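The next block holds one structure in the form of structure tokens; read it before the comments.
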Amino acid sequence: MSRLAGLFSKLKEQRRRALISYVVAGDPSPSGTVDLLHRLVAAGADVLEVGVPFSDPMAEGLVIQLGHERALANGMTLRGVLDIVTEFRRDDTETPIVMMGYANPIERFGYEAFAEAGALAGVDGLITVDLPPEEVDRLDEALLQVAIDNIFLISPTTPEQRIKSIVSRARGFIYCVAVKGVTGSGQLDVAEVAERIGVIRSMTELPIAVGFGIKDAESAKRVADVADAVVVGSALIDEMVRKSEAQVDAEEIQIHGAAVQLLERIRAGVDSSHF
Amino acid sequence: MTVEVTPELFESVPDAHGRFGQFGGKFVAETLMSALADLEALYGSLKSDPAFLSEFDRDLAYYVGRPSPLYEAARLSDEIGGARIFLKREDLNHTGAHKVNNTIGQALLAKYMGKQRVIAETGAGQHGVASATVAARLGLQCHVFMGEEDIRRQSLNVYRMKLLGAEVVPVTSGSRTLKDAMNEAMRDWVTNVDNTFYIIGTVAGPHPYPMLVRDFQSVIGREARAQSLSQAGKLPDALVACVGGGSNAIGLFHPFLQDLGVEMFGVEAGGKGLGTGQHAAPLSAGSPGVLHGNRTYLMQDDDGQILETHSVSAGLDYPGVGPEHAWLKDIGRVKYVSADDEEALAAFHRLTRIEGIMPALETAHALAYAEKLAAEMSPEQHIIVNLSGRGDKDILTVAALEGIEV
Ligand SMILES: Cc1ncc(COP(=O)(O)O)c(C=O)c1O
């Protein structure tokens with residue numbers, strides 16, 4: 001069984017929801033990312049989403065955009081992200097890792113070459129924001145060969161017919177985008193999300209993760225009431241930025257600590273959900 | 001690529017997936033897919049709808065002032081020698097460039113869709129002005145995204161947009177130029193997709209934009225073709241147009257694609273020289289990749305990160321290019337060349353002094369190459385240059401480059 005499938009079936013037995021954290025590889029520093037990932041796991045992350053920085057992150061709000069800019073200024077590359085995953089796997093062979101990024105760096109790397117390198121590094125899933133089902137066939141095929149799950153997104157504007165065709169080819173889990181908008185924006189309408197999850201559930205057994213707009217323990221709890229997994233990203237990065245701005249001489253360990261503490265609170269929120 | 005170039009080939013693109021060979025497509029976030037499907041369906045039904053087409057034609061005639069003349073630049077030809085040079089005068093359009101042909105068309109689509117708000121990205125500000133203009137005319141709310149760097153160098157157009165009632169939103173991310181303005185417009189569109197129509201300013205973006213912008217701009221080539229036949233008695237031997245995203249070029253080229261005897265040259269911005277890396281010439285010096293919703297030629301590094309571009313003209317300062325151009329390059333139907341900053345400035349001055357026509361700096365790139373081309377041709381031959389816009393907006397830029405305070 002894949003790491004993602006194993007995790008979700010274990011959590012289901014334990015009647016727990018999954019918490020997925022997102023940070024950008026190389027932000028705030030390339031040398032610290034592996035350590036940050038381990039600490040996020042220790043603080044309660046069940047799945048790690050690792051952002052691959054891109055020069056033109058069209059679907060990101062300002063907080064994550066700036067994270068991408070910092071990571072690139074630090075010299076992070078797609079190869080570098082794969083190296084980070086490889087290093088992480090030396091001490092953690094269990095936590096599923098999902099890479100999240102944009103098409104062009106992967107195109108440049110080559111779809112087959114990327115799939116092979118990703119599998120070798122220990123990547124479990126991939127979200128490519130600008131590869132909708134219409135454009136993902138070739139990459140999906142390459143990922144399938146190496147048992148990496150291509151994670152499909154469903155948004156508030158996806159019509160029912162389309163949801164049906166998306167879930168029929170989905171693997172790993174379904175990523176349900178909570179709001180119309182970019183990452184980190186928008187007011188979360190949990191009732192609306194719950195309704196959409198109902199529609200998706202009627203069509204698939206796959207776990208459903210909800211992301212975009214989850215900021216704190218309270219919003220995480222409300223989403224966990226209805227979804228199998230809760231994704232938090234912008235809020236973690238924002239915490240780190242605030243810490244480094246409030247204390248200019250802060251050590252990286254302390255900056256990471258700000259995100260880790262927020263994640264602990266969000267974990268508690270998720271675990272207090274009722275379902 | 002081994003594709004046999006026959007006249008029919010050009011009718012086969014884009015295909016049902018919005019592809020031109022391996023280029024084009026719909027590389028956008030899931031949230032936008034249904035908006036693109038709606039636009040595609042609407043445009044599919046309107047593009048052969050007589051009522052829609054006659055409304056479009058009427059606006060082009062009475063609001064834009066079409067047809068634009070095909071003017072023979074006889075003094076320029078005398079000075080250069082060689083082929084006769086004709087200028088397709090898009091600078092005489094209302095708002096001073098070809099951009100308005102497209103914004104008229106897209107604003108009509110917005111109206112048919114019942115959208116109350118339009119957004120646009122702009123580099124030189126010409127597309128922003130053309131969008132603000134049609135928004136004013138239709139009473140639509142208009143937000144124009146513009147890189148901070150471009151706001152600085154195109155301050156006249158910024159003020160024009162404000163006078164027209166548009167809000168100009170400064171973009172401070174990335175290189176602060178056209179590509180970043182487009183990112184920001186996409187982000188806005190994802191957020192406000194219910195009430196907002198995105199008026200893309202060139203033949204780039206996801207399908208169906210490259211197709212519909214091409215169709216709206218093709219009025220340029222249709223007129224030029226008929227004018228050439230009546231004024232010169234034959235089809236032109238060559239066409240020359242500058243290529244930023246490629247809308248004025250495709251507008252001129254498209255109606256001639258099946259005339260296989262007509263040679264075509266797309267002129268990219270050579271900036272400080274292709275060898276310096278400081279240019280905006282993805283077709284001449286880039287490689288295929290995915291940006292802003294389509295697969296095309298891009299300026300990118302080995303990691304697939306998009307590179308910053310440089311051109312003296314804001315409207316050409318873009319690291320990508322419309323997917324149809326990428327395809328036309330690969331099948332060899334159009335040749336893509338470049339002119340650098342200095343050559344463009346020289347051509348700007350030459351046309352201004354010899355013909356009394358001040359071209360936009362974007363257009364000046366096409367002129368610079370056309371001069372070289374004409375010199376190698378014979379007097380029985382003639383070429384058409386797309387005079388895509390007028391240069392008033394660039395006066396301050398030219399003055400600053402020459403150390404003159406206005
Ligand atoms: C006068 C003029 N010509 C050309 C361009 C380049 O755009 P395109 O390549 O889409 O024609 C611009 C863009 O702003 C422009 O203002």
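Quick note on naming: the chains in the structure tokens go A, B, ... in the order shown, residues restart at 1 in each chain, and ligands are numbered from 1 in order of appearance.
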Give the residues of chain B that lie within 10 Å of chain A; count only C-alpha atoms, and format the answer as a short mmCIF file (atom, residue, chain, number, x, y, z; two decimals) with N, CA, C and O atoms, in the first residue's frame.
```
data_model
loop_
_atom_site.label_atom_id
_atom_site.label_comp_id
_atom_site.auth_asym_id
_atom_site.auth_seq_id
_atom_site.Cartn_x
_atom_site.Cartn_y
_atom_site.Cartn_z
N HIS B 17 -8.56 21.24 -28.48
CA HIS B 17 -7.94 21.47 -27.18
C HIS B 17 -7.25 22.83 -27.11
O HIS B 17 -6.54 23.12 -26.15
N GLY B 25 -2.99 25.41 -25.56
CA GLY B 25 -3.57 24.64 -24.47
C GLY B 25 -4.19 25.52 -23.39
O GLY B 25 -4.41 26.73 -23.60
N LYS B 26 -4.50 24.88 -22.26
CA LYS B 26 -5.18 25.57 -21.15
C LYS B 26 -4.49 25.23 -19.84
O LYS B 26 -4.97 24.41 -19.07
N PHE B 27 -3.35 25.83 -19.60
CA PHE B 27 -2.58 25.52 -18.40
C PHE B 27 -2.93 26.49 -17.29
O PHE B 27 -2.17 27.42 -16.99
N VAL B 28 -4.11 26.31 -16.71
CA VAL B 28 -4.54 27.21 -15.64
C VAL B 28 -5.05 26.41 -14.46
O VAL B 28 -5.31 25.20 -14.57
N ALA B 29 -5.22 27.10 -13.34
CA ALA B 29 -5.76 26.48 -12.14
C ALA B 29 -7.21 26.04 -12.40
O ALA B 29 -7.92 26.65 -13.19
N GLU B 30 -7.60 25.00 -11.70
CA GLU B 30 -8.93 24.41 -11.89
C GLU B 30 -10.06 25.45 -11.80
O GLU B 30 -11.03 25.39 -12.56
N THR B 31 -9.90 26.42 -10.91
CA THR B 31 -10.97 27.41 -10.71
C THR B 31 -11.33 28.14 -12.00
O THR B 31 -12.47 28.56 -12.17
N LEU B 32 -10.36 28.30 -12.90
CA LEU B 32 -10.63 29.06 -14.13
C LEU B 32 -11.18 28.20 -15.26
O LEU B 32 -11.62 28.73 -16.28
N MET B 33 -11.14 26.88 -15.09
CA MET B 33 -11.50 26.03 -16.22
C MET B 33 -12.94 26.23 -16.67
O MET B 33 -13.24 26.21 -17.87
N SER B 34 -13.85 26.44 -15.73
CA SER B 34 -15.23 26.58 -16.18
C SER B 34 -15.46 27.94 -16.82
O SER B 34 -16.26 28.07 -17.76
N ALA B 35 -14.73 28.97 -16.35
CA ALA B 35 -14.85 30.28 -16.99
C ALA B 35 -14.34 30.21 -18.43
O ALA B 35 -14.92 30.81 -19.34
N SER B 173 5.40 42.62 -7.62
CA SER B 173 6.07 41.32 -7.50
C SER B 173 6.98 41.07 -8.70
O SER B 173 6.84 41.71 -9.74
N GLY B 174 7.90 40.15 -8.53
CA GLY B 174 8.79 39.72 -9.60
C GLY B 174 9.56 40.86 -10.23
O GLY B 174 10.13 41.70 -9.54
N SER B 175 9.54 40.91 -11.57
CA SER B 175 10.33 41.93 -12.28
C SER B 175 9.55 43.23 -12.47
O SER B 175 10.03 44.17 -13.05
N LYS B 179 4.88 40.60 -17.46
CA LYS B 179 4.58 39.23 -17.06
C LYS B 179 3.98 39.19 -15.65
O LYS B 179 3.09 38.40 -15.37
N ASP B 180 4.47 40.07 -14.79
CA ASP B 180 3.98 40.10 -13.42
C ASP B 180 2.59 40.71 -13.36
O ASP B 180 1.75 40.30 -12.56
N MET B 182 0.45 40.28 -15.67
CA MET B 182 -0.43 39.20 -16.12
C MET B 182 -0.67 38.21 -14.99
O MET B 182 -1.81 37.73 -14.81
N ASN B 183 0.36 37.88 -14.20
CA ASN B 183 0.16 37.01 -13.03
C ASN B 183 -0.91 37.60 -12.13
O ASN B 183 -1.80 36.91 -11.64
N GLU B 184 -0.79 38.89 -11.87
CA GLU B 184 -1.68 39.55 -10.92
C GLU B 184 -3.11 39.60 -11.48
O GLU B 184 -4.08 39.44 -10.74
N ALA B 185 -3.23 39.82 -12.78
CA ALA B 185 -4.56 39.82 -13.39
C ALA B 185 -5.21 38.44 -13.27
O ALA B 185 -6.39 38.31 -12.96
N MET B 186 -4.41 37.39 -13.48
CA MET B 186 -4.92 36.02 -13.32
C MET B 186 -5.39 35.79 -11.89
O MET B 186 -6.42 35.14 -11.65
N ARG B 187 -4.62 36.30 -10.92
CA ARG B 187 -5.01 36.12 -9.51
C ARG B 187 -6.32 36.83 -9.23
O ARG B 187 -7.17 36.33 -8.50
N ASP B 188 -6.46 38.01 -9.78
CA ASP B 188 -7.71 38.74 -9.60
C ASP B 188 -8.87 37.97 -10.23
O ASP B 188 -9.95 37.84 -9.65
N TRP B 189 -8.61 37.45 -11.42
CA TRP B 189 -9.69 36.74 -12.15
C TRP B 189 -10.15 35.51 -11.36
O TRP B 189 -11.34 35.24 -11.23
N VAL B 190 -9.18 34.75 -10.81
CA VAL B 190 -9.55 33.57 -10.01
C VAL B 190 -10.45 33.97 -8.85
O VAL B 190 -11.37 33.26 -8.47
N THR B 191 -10.17 35.14 -8.29
CA THR B 191 -10.90 35.59 -7.10
C THR B 191 -12.28 36.13 -7.45
O THR B 191 -13.24 35.96 -6.71
N ASN B 192 -12.37 36.82 -8.59
CA ASN B 192 -13.63 37.51 -8.94
C ASN B 192 -14.27 36.97 -10.20
O ASN B 192 -14.93 37.69 -10.94
N VAL B 193 -14.06 35.67 -10.42
CA VAL B 193 -14.44 35.08 -11.70
C VAL B 193 -15.95 35.21 -11.99
O VAL B 193 -16.36 35.28 -13.14
N ASP B 194 -16.76 35.34 -10.94
CA ASP B 194 -18.21 35.41 -11.17
C ASP B 194 -18.65 36.69 -11.90
O ASP B 194 -19.52 36.65 -12.75
N SER B 287 13.29 28.76 -25.41
CA SER B 287 12.98 27.35 -25.58
C SER B 287 11.55 27.10 -25.10
O SER B 287 11.01 27.88 -24.33
N PRO B 288 10.92 25.99 -25.54
CA PRO B 288 9.51 25.76 -25.18
C PRO B 288 9.31 25.51 -23.68
O PRO B 288 10.17 24.92 -23.02
N GLY B 289 8.17 25.97 -23.19
CA GLY B 289 7.81 25.77 -21.79
C GLY B 289 6.38 26.21 -21.57
O GLY B 289 5.66 26.47 -22.54
N VAL B 290 5.97 26.29 -20.31
CA VAL B 290 4.58 26.63 -19.98
C VAL B 290 4.53 27.88 -19.11
O VAL B 290 5.18 27.93 -18.06
N LEU B 291 3.82 28.88 -19.57
CA LEU B 291 3.62 30.09 -18.78
C LEU B 291 2.29 30.73 -19.16
O LEU B 291 1.91 30.73 -20.34
N HIS B 292 1.62 31.32 -18.16
CA HIS B 292 0.40 32.08 -18.42
C HIS B 292 -0.62 31.31 -19.26
O HIS B 292 -1.20 31.84 -20.20
N GLY B 293 -0.78 30.05 -18.92
CA GLY B 293 -1.88 29.30 -19.51
C GLY B 293 -1.61 28.60 -20.82
O GLY B 293 -2.49 27.95 -21.36
N ASN B 294 -0.41 28.73 -21.37
CA ASN B 294 -0.15 28.04 -22.64
C ASN B 294 1.29 27.56 -22.75
O ASN B 294 2.17 28.03 -22.04
N ARG B 295 1.49 26.57 -23.64
CA ARG B 295 2.84 26.12 -23.93
C ARG B 295 3.34 26.91 -25.13
O ARG B 295 2.66 27.03 -26.15
N GLN B 300 13.83 31.29 -20.29
CA GLN B 300 13.86 30.59 -19.01
C GLN B 300 15.26 30.07 -18.74
O GLN B 300 16.08 29.95 -19.65
N ASP B 301 15.51 29.75 -17.44
CA ASP B 301 16.82 29.19 -17.12
C ASP B 301 16.73 27.66 -17.09
O ASP B 301 15.67 27.09 -17.40
N ASP B 302 17.83 27.00 -16.73
CA ASP B 302 17.87 25.54 -16.76
C ASP B 302 16.90 24.89 -15.78
O ASP B 302 16.57 23.72 -15.90
N ASP B 303 16.48 25.66 -14.76
CA ASP B 303 15.55 25.13 -13.77
C ASP B 303 14.09 25.41 -14.15
O ASP B 303 13.18 25.09 -13.39
N GLY B 304 13.89 26.02 -15.33
CA GLY B 304 12.51 26.33 -15.73
C GLY B 304 11.95 27.58 -15.07
O GLY B 304 10.75 27.80 -15.08
N GLN B 305 12.82 28.39 -14.48
CA GLN B 305 12.37 29.68 -13.94
C GLN B 305 12.37 30.70 -15.08
O GLN B 305 13.27 30.69 -15.92
N ILE B 306 11.35 31.56 -15.10
CA ILE B 306 11.23 32.54 -16.16
C ILE B 306 12.23 33.68 -15.92
O ILE B 306 12.37 34.17 -14.79
N LEU B 307 12.92 34.05 -16.97
CA LEU B 307 13.96 35.07 -16.83
C LEU B 307 13.38 36.48 -17.00
O LEU B 307 12.38 36.68 -17.68
N GLU B 308 14.07 37.43 -16.39
CA GLU B 308 13.69 38.82 -16.61
C GLU B 308 14.12 39.23 -18.00
O GLU B 308 15.13 38.77 -18.51
#
```
- Task: Return as JSON, numbers by chain every polymer residue, whether protein, DNA or RNA, with at least one atom no more than 9 Å from an atom of ligand 1; count only C-alpha atoms and all ligand atoms.
- Result: {"B": [90, 91, 96, 97, 98, 99, 122, 123, 124, 125, 126, 127, 128, 201, 202, 203, 204, 241, 242, 243, 244, 245, 246, 247, 248, 249, 250, 251, 268, 313, 314, 315, 316, 317, 321, 322, 359, 360, 361, 362, 363, 364, 386, 387, 388, 389, 390, 391]}
- Which of these residues is nearest to Gly332 (chain B), using only C-alpha atoms: B:Phe265, B:Tyr63, B:Tyr297, B:Phe86?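 Ranking B:Phe265, B:Tyr63, B:Tyr297, B:Phe86 by distance to Gly332 (chain B), first place goes to B:Phe265.
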- Spatial neighbours of region 270-276 of chain B, 6 Å, only C-alpha atoms, chain gap at least 5 places, as a ChimeraX atom specification: /B:310-311,338-341
- Query: Could you pull out all residues of region 29-264 of chain B with a DSSP call of alpha helix (DSSP H) and give them as a PyMOL selection string?
  - Reply: chain B and resi 30-46+50-59+74-80+99-113+126-138+148-153+155-163+178-191+209-217+219-231+247-253
- Query: Counting only C-alpha atoms, which of B:Leu252, B:Val5, B:Leu39, B:Leu260 gets nearest to Gln217 (chain B)?
  - Reply: B:Leu252
- Message: I'd like the neighbourhood of Ile255 (chain A) as a PyMOL selection string, where a residue qualifies if any of its atoms comes within 10 Å (using only C-alpha atoms), though same-chain residues fewer than 4 positions away should be ignored.
- Response: chain A and resi 28+36+237+239-245+247+250-251+259-260
- Message: For the strand (DSSP E) assignment from backbone DSSP, which residues of region 280-317 of chain B qualify? Please present them as number ranges by chain.
- Response: B: 287-291, 293-298
Go ahead and write the residues just picked, all heavy atoms, as a PDB file, in the first residue's frame.
```
ATOM      1  N   SER B 287      13.293  28.760 -25.413  1.00  0.00           N
ATOM      2  CA  SER B 287      12.978  27.346 -25.582  1.00  0.00           C
ATOM      3  C   SER B 287      11.549  27.097 -25.100  1.00  0.00           C
ATOM      4  O   SER B 287      11.007  27.885 -24.332  1.00  0.00           O
ATOM      5  CB  SER B 287      13.968  26.494 -24.780  1.00  0.00           C
ATOM      6  OG  SER B 287      13.964  26.917 -23.427  1.00  0.00           O
ATOM      7  N   PRO B 288      10.915  25.992 -25.536  1.00  0.00           N
ATOM      8  CA  PRO B 288       9.512  25.758 -25.175  1.00  0.00           C
ATOM      9  C   PRO B 288       9.310  25.507 -23.683  1.00  0.00           C
ATOM     10  O   PRO B 288      10.169  24.923 -23.016  1.00  0.00           O
ATOM     11  CB  PRO B 288       9.151  24.494 -25.980  1.00  0.00           C
ATOM     12  CG  PRO B 288      10.092  24.497 -27.132  1.00  0.00           C
ATOM     13  CD  PRO B 288      11.384  25.033 -26.561  1.00  0.00           C
ATOM     14  N   GLY B 289       8.175  25.974 -23.188  1.00  0.00           N
ATOM     15  CA  GLY B 289       7.815  25.774 -21.789  1.00  0.00           C
ATOM     16  C   GLY B 289       6.379  26.212 -21.574  1.00  0.00           C
ATOM     17  O   GLY B 289       5.663  26.474 -22.545  1.00  0.00           O
ATOM     18  N   VAL B 290       5.970  26.290 -20.305  1.00  0.00           N
ATOM     19  CA  VAL B 290       4.584  26.635 -19.980  1.00  0.00           C
ATOM     20  C   VAL B 290       4.535  27.881 -19.106  1.00  0.00           C
ATOM     21  O   VAL B 290       5.176  27.933 -18.055  1.00  0.00           O
ATOM     22  CB  VAL B 290       3.897  25.468 -19.231  1.00  0.00           C
ATOM     23  CG1 VAL B 290       2.537  25.899 -18.706  1.00  0.00           C
ATOM     24  CG2 VAL B 290       3.748  24.258 -20.143  1.00  0.00           C
ATOM     25  N   LEU B 291       3.817  28.879 -19.568  1.00  0.00           N
ATOM     26  CA  LEU B 291       3.617  30.090 -18.775  1.00  0.00           C
ATOM     27  C   LEU B 291       2.289  30.735 -19.163  1.00  0.00           C
ATOM     28  O   LEU B 291       1.910  30.725 -20.340  1.00  0.00           O
ATOM     29  CB  LEU B 291       4.762  31.090 -19.021  1.00  0.00           C
ATOM     30  CG  LEU B 291       4.662  32.416 -18.243  1.00  0.00           C
ATOM     31  CD1 LEU B 291       4.867  32.195 -16.742  1.00  0.00           C
ATOM     32  CD2 LEU B 291       5.676  33.439 -18.747  1.00  0.00           C
ATOM     33  N   GLY B 293      -0.783  30.046 -18.922  1.00  0.00           N
ATOM     34  CA  GLY B 293      -1.884  29.303 -19.510  1.00  0.00           C
ATOM     35  C   GLY B 293      -1.612  28.603 -20.820  1.00  0.00           C
ATOM     36  O   GLY B 293      -2.492  27.951 -21.361  1.00  0.00           O
ATOM     37  N   ASN B 294      -0.413  28.729 -21.371  1.00  0.00           N
ATOM     38  CA  ASN B 294      -0.153  28.035 -22.640  1.00  0.00           C
ATOM     39  C   ASN B 294       1.289  27.560 -22.747  1.00  0.00           C
ATOM     40  O   ASN B 294       2.173  28.034 -22.040  1.00  0.00           O
ATOM     41  CB  ASN B 294      -0.505  28.931 -23.836  1.00  0.00           C
ATOM     42  CG  ASN B 294       0.390  30.139 -23.947  1.00  0.00           C
ATOM     43  OD1 ASN B 294       1.410  30.129 -24.642  1.00  0.00           O
ATOM     44  ND2 ASN B 294       0.059  31.206 -23.229  1.00  0.00           N
ATOM     45  N   ARG B 295       1.487  26.568 -23.638  1.00  0.00           N
ATOM     46  CA  ARG B 295       2.841  26.120 -23.930  1.00  0.00           C
ATOM     47  C   ARG B 295       3.338  26.907 -25.131  1.00  0.00           C
ATOM     48  O   ARG B 295       2.661  27.031 -26.147  1.00  0.00           O
ATOM     49  CB  ARG B 295       2.893  24.625 -24.216  1.00  0.00           C
ATOM     50  CG  ARG B 295       4.327  24.141 -24.440  1.00  0.00           C
ATOM     51  CD  ARG B 295       4.442  22.643 -24.674  1.00  0.00           C
ATOM     52  NE  ARG B 295       4.257  21.881 -23.454  1.00  0.00           N
ATOM     53  CZ  ARG B 295       3.278  21.007 -23.268  1.00  0.00           C
ATOM     54  NH1 ARG B 295       2.408  20.774 -24.216  1.00  0.00           N
ATOM     55  NH2 ARG B 295       3.170  20.350 -22.136  1.00  0.00           N
ATOM     56  N   THR B 296       4.541  27.460 -24.980  1.00  0.00           N
ATOM     57  CA  THR B 296       5.089  28.311 -26.034  1.00  0.00           C
ATOM     58  C   THR B 296       6.591  28.452 -25.836  1.00  0.00           C
ATOM     59  O   THR B 296       7.168  27.837 -24.937  1.00  0.00           O
ATOM     60  CB  THR B 296       4.407  29.698 -25.997  1.00  0.00           C
ATOM     61  OG1 THR B 296       4.819  30.452 -27.139  1.00  0.00           O
ATOM     62  CG2 THR B 296       4.763  30.468 -24.738  1.00  0.00           C
ATOM     63  N   TYR B 297       7.222  29.265 -26.658  1.00  0.00           N
ATOM     64  CA  TYR B 297       8.629  29.581 -26.425  1.00  0.00           C
ATOM     65  C   TYR B 297       8.750  30.605 -25.313  1.00  0.00           C
ATOM     66  O   TYR B 297       7.971  31.562 -25.247  1.00  0.00           O
ATOM     67  CB  TYR B 297       9.284  30.142 -27.696  1.00  0.00           C
ATOM     68  CG  TYR B 297       9.717  29.064 -28.662  1.00  0.00           C
ATOM     69  CD1 TYR B 297       8.814  28.507 -29.558  1.00  0.00           C
ATOM     70  CD2 TYR B 297      11.026  28.572 -28.648  1.00  0.00           C
ATOM     71  CE1 TYR B 297       9.206  27.498 -30.434  1.00  0.00           C
ATOM     72  CE2 TYR B 297      11.427  27.568 -29.512  1.00  0.00           C
ATOM     73  CZ  TYR B 297      10.515  27.035 -30.407  1.00  0.00           C
ATOM     74  OH  TYR B 297      10.906  26.041 -31.258  1.00  0.00           O
ATOM     75  N   LEU B 298       9.714  30.373 -24.426  1.00  0.00           N
ATOM     76  CA  LEU B 298       9.910  31.232 -23.262  1.00  0.00           C
ATOM     77  C   LEU B 298      11.378  31.555 -23.072  1.00  0.00           C
ATOM     78  O   LEU B 298      12.254  30.801 -23.498  1.00  0.00           O
ATOM     79  CB  LEU B 298       9.466  30.498 -21.987  1.00  0.00           C
ATOM     80  CG  LEU B 298       8.025  30.051 -21.879  1.00  0.00           C
ATOM     81  CD1 LEU B 298       7.855  29.222 -20.607  1.00  0.00           C
ATOM     82  CD2 LEU B 298       7.111  31.263 -21.855  1.00  0.00           C
TER      83      LEU B 298
END
```
- Item | Contact residues around Gly21 (chain B) with only C-alpha atoms at 9 Å, ignoring same-chain residues under 3 positions, as a ChimeraX atom specification | /B:13-15,24,324,327
- Message: So that I can see what lies close to region 210-227 of chain A, please list as a ChimeraX atom specification the residues with an atom at most 7 Å from it, counting only C-alpha atoms and leaving out residues fewer than 3 positions away in the same chain.
- Response: /A:17,175-179,183-188,190,194,230-232,235,265-266,268-270,272-275
- Message: Just to confirm, what's the straight-line distance from CA of Ala209 (chain A) to CA of Ile174 (chain A) in Å (one decimal)?
- Response: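 Spanning CA of Ala209 (chain A) to CA of Ile174 (chain A) is a straight-line distance of 6.0 Å.
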- Identify which of the residues B:Leu229, B:Ile220, B:Tyr62, B:Asp237 lies closest to Ala374 (chain B), counting only C-alpha atoms when measuring atom-to-atom distances. B:Asp237
- Item | Interatomic distance, CA of Ala258 (chain A) to CA of Ala43 (chain A) (Å, one decimal) |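 Result for CA of Ala258 (chain A) versus CA of Ala43 (chain A): 11.5 Å, one decimal.
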